[in-house]
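**Q** Sharing a structure below in structure tokens format, with a few things to ask.
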Amino acid sequence: MSEAGAEDEFEADEERQVNHLELFLDLVFVFAVTQIATLISHEPTGTGTAKGLLMAVLIWWQWSQFTWAGSAIDLEGERNARVLVLGCIPFALVMTISIPDVFHGGGIWFGSAYLGVQLLVLGMQASHALRDPRRRPAFIRYAGLASVSPVLVFIGGFLHGHAQIWVWVAAGVFNLLGALRGAGGEWALIPEHFVERHSLFIIISLGEVLVAAGASASAEGLDRLTAFAIVVSVAVACMWWWVYFAFIPRVTEQSLRRAHGPERGSLARDLFTFGHFPLMFGLILYAVVVKHLIPHPDGHLSVDDRWLLASSVAAFVGGLLAIQYRVRRRVAPERFVAIGVVAVLCLLGGVLPGLLVVGAVAVVLGVMQTITTRRFAATSRAEAAALPQP
């Protein structure tokens, strides 16, 4: 049997969807998204956003480890894996609880829990990959660097100030280098499962926007203006949902299914581990804006909030551009236009009401997606017409 044929046989035998244990694990990361938003909300400056970005990178990587492991191993069906995942959950929760204070004395809790959870999930991956001659080299290349990262996070937990930050940045760099070295080899990847896991994380991040709106309104009390602010704020979240779920999961799954061998690992890394991170972080930044907008619906957005709003659109739409280019080798120009228009709106936000700025962002995203959807539909029809007829 050829290598591609063996891969196809693996897919046919192992096709599965996300299981209940993975959903249970994701509840920890739901809370992690909330905690990162809280961290940025307390310091919505460039420095505070950079700290939130660093935490998001580390948390995202840990969640990604479970996703890659869950695509190779049935985490719920295999007893040893099930026990390990359940054992990880309390420690991951401790890690998540420490995030808002991680730069003010909580780093020890974060680093210790991160080390334990990350080494356990790497061990789960090793138990599967090292037994398979096709996949062993890629895992060894990856783990040789990626296993350094949680150790650095642990060490950084005992440091303070710039030393702590730079050690944790180095941890993120080791993860990145490990992914660049390892993902080009053979990996056990189930396209349906892999795509569904990442789509669910986008839902998790969108949920943080709804939680931010609901919690802020509950704290302030409902009136007409607050209710209108909720409608406007959530309208942007609805646009985000449409922008992503219109066709991104379907197109990326098709791309993974067409790829085989080392190409599949590289594609999964680029489209999901790398490509979905800016989408998630963009939604976190927007959730912070909503936290600040709802309590003061009749005011203007602060400079920090306008910076966060522009950055959220740039991150999310920029991530979509990167995914599109990786799959199609072309980009939608209307997405660049949308980023530019939102940047201008945020520059003018000092004299425009905050609700008007956010509402205009919803309109910009809606127009952008309408154009993109029509072009995608036309391209799909053209490609279908070019296929040989039976």
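Scheme for the structure tokens: letters A, B, ... for chains in order shown; per-chain residue numbers from 1; ligand numbers from 1 in order shown.
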Where does region 234-288 of chain A meet region 356-371 of chain A within 10 Å, residue by residue, with the nearest atom pair and distance in Å to one decimal for each, counting only C-alpha atoms, listed by chain and rising number, as CSV?
**A**
residue,atom,partner,partner_atom,distance
A:Val234,CA,A:Ala362,CA,9.1
A:Ala235,CA,A:Ala362,CA,6.2
A:Val236,CA,A:Ala362,CA,4.6
A:Ala237,CA,A:Ala362,CA,8.3
A:Cys238,CA,A:Ala362,CA,8.5
A:Met239,CA,A:Gly366,CA,6.1
A:Trp240,CA,A:Leu365,CA,7.7
A:Trp242,CA,A:Gln369,CA,7.7
A:Val243,CA,A:Gln369,CA,5.9
A:Tyr244,CA,A:Gln369,CA,9.4
A:Ala246,CA,A:Gln369,CA,8.9
**Q** Since we have the selection now, will you write its residues out, keeping N, CA and C atoms, as an mmCIF file, in the first residue's frame?
**A**
data_model
loop_
_atom_site.group_PDB
_atom_site.id
_atom_site.type_symbol
_atom_site.label_atom_id
_atom_site.label_comp_id
_atom_site.auth_asym_id
_atom_site.auth_seq_id
_atom_site.Cartn_x
_atom_site.Cartn_y
_atom_site.Cartn_z
ATOM 1 N N VAL A 234 -23.594 43.487 20.313
ATOM 2 C CA VAL A 234 -23.765 42.102 19.894
ATOM 3 C C VAL A 234 -23.909 42.005 18.376
ATOM 4 N N ALA A 235 -24.359 43.076 17.725
ATOM 5 C CA ALA A 235 -24.426 43.074 16.266
ATOM 6 C C ALA A 235 -23.046 42.829 15.664
ATOM 7 N N VAL A 236 -22.016 43.411 16.268
ATOM 8 C CA VAL A 236 -20.655 43.159 15.783
ATOM 9 C C VAL A 236 -20.292 41.693 15.987
ATOM 10 N N ALA A 237 -20.645 41.123 17.142
ATOM 11 C CA ALA A 237 -20.368 39.702 17.381
ATOM 12 C C ALA A 237 -21.075 38.828 16.351
ATOM 13 N N CYS A 238 -22.294 39.197 15.995
ATOM 14 C CA CYS A 238 -23.026 38.441 14.961
ATOM 15 C C CYS A 238 -22.315 38.530 13.614
ATOM 16 N N MET A 239 -21.752 39.689 13.314
ATOM 17 C CA MET A 239 -20.986 39.827 12.075
ATOM 18 C C MET A 239 -19.738 38.948 12.114
ATOM 19 N N TRP A 240 -19.081 38.930 13.281
ATOM 20 C CA TRP A 240 -17.926 38.036 13.419
ATOM 21 C C TRP A 240 -18.339 36.600 13.132
ATOM 22 N N TRP A 242 -20.770 35.458 11.297
ATOM 23 C CA TRP A 242 -21.026 35.274 9.871
ATOM 24 C C TRP A 242 -19.721 35.248 9.082
ATOM 25 N N VAL A 243 -18.824 36.152 9.394
ATOM 26 C CA VAL A 243 -17.551 36.240 8.682
ATOM 27 C C VAL A 243 -16.796 34.915 8.764
ATOM 28 N N TYR A 244 -16.841 34.284 9.919
ATOM 29 C CA TYR A 244 -16.087 33.032 10.086
ATOM 30 C C TYR A 244 -16.862 31.811 9.593
ATOM 31 N N ALA A 246 -19.443 31.409 7.657
ATOM 32 C CA ALA A 246 -20.029 31.351 6.320
ATOM 33 C C ALA A 246 -19.380 30.253 5.484
#
**Q** Region 207-209 of chain A: which residues within 10 Å, counting only C-alpha atoms, same-chain residues fewer than 6 positions away excluded, as a PDB file with C-alpha atoms, in the first residue's frame?
**A**
ATOM      1  CA  VAL A  30     -13.666  29.319  28.382  1.00  0.00           C
ATOM      2  CA  PHE A  31     -12.660  30.729  31.741  1.00  0.00           C
ATOM      3  CA  VAL A  33     -10.498  33.615  27.679  1.00  0.00           C
ATOM      4  CA  THR A  34     -12.490  35.546  30.296  1.00  0.00           C
ATOM      5  CA  GLN A  35      -9.414  35.931  32.496  1.00  0.00           C
ATOM      6  CA  ALA A  37      -9.969  39.766  28.798  1.00  0.00           C
ATOM      7  CA  PHE A 201     -12.842  27.746  20.206  1.00  0.00           C
ATOM      8  CA  ALA A 215     -22.355  40.974  32.786  1.00  0.00           C
ATOM      9  CA  SER A 233     -22.346  45.549  20.602  1.00  0.00           C
ATOM     10  CA  VAL A 234     -23.765  42.102  19.894  1.00  0.00           C
ATOM     11  CA  VAL A 236     -20.655  43.159  15.783  1.00  0.00           C
ATOM     12  CA  ALA A 237     -20.368  39.702  17.381  1.00  0.00           C
ATOM     13  CA  LEU A 283     -12.398  38.571  19.742  1.00  0.00           C
ATOM     14  CA  ILE A 284     -10.840  38.936  23.193  1.00  0.00           C
ATOM     15  CA  LEU A 285      -9.877  42.529  22.392  1.00  0.00           C
ATOM     16  CA  TYR A 286     -13.387  43.302  21.219  1.00  0.00           C
ATOM     17  CA  ALA A 287     -14.828  41.798  24.413  1.00  0.00           C
ATOM     18  CA  VAL A 288     -12.724  44.290  26.405  1.00  0.00           C
ATOM     19  CA  VAL A 289     -14.198  47.162  24.369  1.00  0.00           C
ATOM     20  CA  VAL A 290     -17.709  45.884  25.129  1.00  0.00           C
ATOM     21  CA  LYS A 291     -16.887  45.713  28.849  1.00  0.00           C
TER      22      LYS A 291
END
**Q** Could you give me, as a VMD selection string, the residues within 12 Å of His104 (chain A), counting only C-alpha atoms and dropping anything in the same chain fewer than 2 positions from it?
**A** chain A and resid 39 51 98 to 102 106 to 110 157 to 161 164 to 165
**Q** Determine, using only C-alpha atoms, which residues of region 251-362 of chain A have any atom at most 9 Å from an atom of region 168-188 of chain A, and tabulate each with its shortest atom pair and distance in Å to one decimal place, rows ordered by chain and then rising number, as JSON lines.
**A**
{"residue": "A:His260", "atom": "CA", "partner": "A:Glu186", "partner_atom": "CA", "distance": 8.8}
{"residue": "A:Gly261", "atom": "CA", "partner": "A:Glu186", "partner_atom": "CA", "distance": 5.5}
{"residue": "A:Pro262", "atom": "CA", "partner": "A:Gly185", "partner_atom": "CA", "distance": 4.4}
{"residue": "A:Glu263", "atom": "CA", "partner": "A:Gly184", "partner_atom": "CA", "distance": 6.5}
{"residue": "A:Arg264", "atom": "CA", "partner": "A:Trp187", "partner_atom": "CA", "distance": 7.8}
{"residue": "A:Gly265", "atom": "CA", "partner": "A:Ala183", "partner_atom": "CA", "distance": 4.9}
{"residue": "A:Ser266", "atom": "CA", "partner": "A:Gly184", "partner_atom": "CA", "distance": 4.9}
{"residue": "A:Leu267", "atom": "CA", "partner": "A:Ala183", "partner_atom": "CA", "distance": 8.4}
{"residue": "A:Ala268", "atom": "CA", "partner": "A:Ala183", "partner_atom": "CA", "distance": 8.1}
{"residue": "A:Arg269", "atom": "CA", "partner": "A:Ala183", "partner_atom": "CA", "distance": 6.4}
{"residue": "A:Thr273", "atom": "CA", "partner": "A:Ala179", "partner_atom": "CA", "distance": 8.9}
**Q** Could you turn the residues from that selection into a file that holds N, CA and C atoms, as a PDB file, in the first residue's frame?
**A**
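Result saved to selection-v5.pdb:
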ATOM      1  N   HIS A 260      -1.911  15.340   2.114  1.00  0.00           N
ATOM      2  CA  HIS A 260      -1.474  14.049   2.631  1.00  0.00           C
ATOM      3  C   HIS A 260      -0.043  14.154   3.137  1.00  0.00           C
ATOM      4  N   GLY A 261       0.302  13.232   4.024  1.00  0.00           N
ATOM      5  CA  GLY A 261       1.666  13.143   4.513  1.00  0.00           C
ATOM      6  C   GLY A 261       2.131  14.406   5.202  1.00  0.00           C
ATOM      7  N   PRO A 262       3.408  14.786   5.018  1.00  0.00           N
ATOM      8  CA  PRO A 262       3.942  15.980   5.674  1.00  0.00           C
ATOM      9  C   PRO A 262       3.191  17.255   5.326  1.00  0.00           C
ATOM     10  N   GLU A 263       2.619  17.309   4.122  1.00  0.00           N
ATOM     11  CA  GLU A 263       1.882  18.514   3.717  1.00  0.00           C
ATOM     12  C   GLU A 263       0.703  18.771   4.647  1.00  0.00           C
ATOM     13  N   ARG A 264       0.046  17.721   5.126  1.00  0.00           N
ATOM     14  CA  ARG A 264      -1.106  17.897   6.001  1.00  0.00           C
ATOM     15  C   ARG A 264      -0.690  18.527   7.327  1.00  0.00           C
ATOM     16  N   GLY A 265       0.426  18.082   7.888  1.00  0.00           N
ATOM     17  CA  GLY A 265       0.892  18.666   9.138  1.00  0.00           C
ATOM     18  C   GLY A 265       1.204  20.136   9.008  1.00  0.00           C
ATOM     19  N   SER A 266       1.891  20.509   7.924  1.00  0.00           N
ATOM     20  CA  SER A 266       2.219  21.918   7.704  1.00  0.00           C
ATOM     21  C   SER A 266       0.966  22.753   7.510  1.00  0.00           C
ATOM     22  N   LEU A 267       0.003  22.218   6.756  1.00  0.00           N
ATOM     23  CA  LEU A 267      -1.229  22.955   6.500  1.00  0.00           C
ATOM     24  C   LEU A 267      -2.030  23.145   7.788  1.00  0.00           C
ATOM     25  N   ALA A 268      -2.131  22.099   8.597  1.00  0.00           N
ATOM     26  CA  ALA A 268      -2.863  22.210   9.862  1.00  0.00           C
ATOM     27  C   ALA A 268      -2.212  23.233  10.781  1.00  0.00           C
ATOM     28  N   ARG A 269      -0.888  23.223  10.819  1.00  0.00           N
ATOM     29  CA  ARG A 269      -0.172  24.213  11.636  1.00  0.00           C
ATOM     30  C   ARG A 269      -0.476  25.639  11.168  1.00  0.00           C
ATOM     31  N   THR A 273      -3.184  26.249  14.082  1.00  0.00           N
ATOM     32  CA  THR A 273      -2.360  26.641  15.227  1.00  0.00           C
ATOM     33  C   THR A 273      -1.868  28.077  15.083  1.00  0.00           C
TER      34      THR A 273
END
**Q** Just how far from CA of Val337 (chain A) is CA of Ala50 (chain A), in Å to one decimal?
**A** 25.5 Å
**Q** Check the DSSP output for the backbone and give back, as a ChimeraX atom specification, the residues of region 27-154 of chain A in alpha helix (DSSP H).
**A** /A:27-42,46-72,79-97,107-129,136-146,148-154
**Q** With only C-alpha atoms as the counted atoms, please give the residues lying no more than 9 Å from region 117-125 of chain A, apart from itself and same-chain residues fewer than 5 positions off, as JSON, numbers by chain.
**A** {"A": [62, 65, 66, 68, 69, 70, 72, 73, 80, 81, 84, 85, 87, 88, 89, 91, 92, 112, 130, 139, 143, 146, 147, 149, 150]}
**Q** What's the 7 Å shell around region 308-323 of chain A, counting only C-alpha atoms, without same-chain residues fewer than 4 positions away, as a list in words?
**A** Leu271, Gly275, His276, Pro278, Leu279, Gly282, Leu283, Leu285, Tyr286, Val289, Asp304, Val327, Val331, Arg335, Ile339, Val342, Ala343 and Cys346 of chain A
**Q** Which residues are near Gly354 (chain A)? Cut-off 12 Å, only C-alpha atoms, ignore same chain within fewer than 4 positions. Put them as a VMD selection string.
**A** chain A and resid 229 232 to 233 289 to 290 292 to 303 305 to 306 309 345 to 350 358 to 361
**Q** Could you tell me which of A:Val18, A:Leu23, A:Ile140, A:Ile155 comes closest to Pro191 (chain A) if we count only C-alpha atoms?
**A**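 Once distances to Pro191 (chain A) are computed over only C-alpha atoms, the minimum belongs to A:Val18.
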**Q** What does the distance from CA of Leu93 (chain A) to CA of Ala32 (chain A) come to in Å, to one decimal?
**A**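 We find that CA of Leu93 (chain A) and CA of Ala32 (chain A) lie 8.3 Å from each other.
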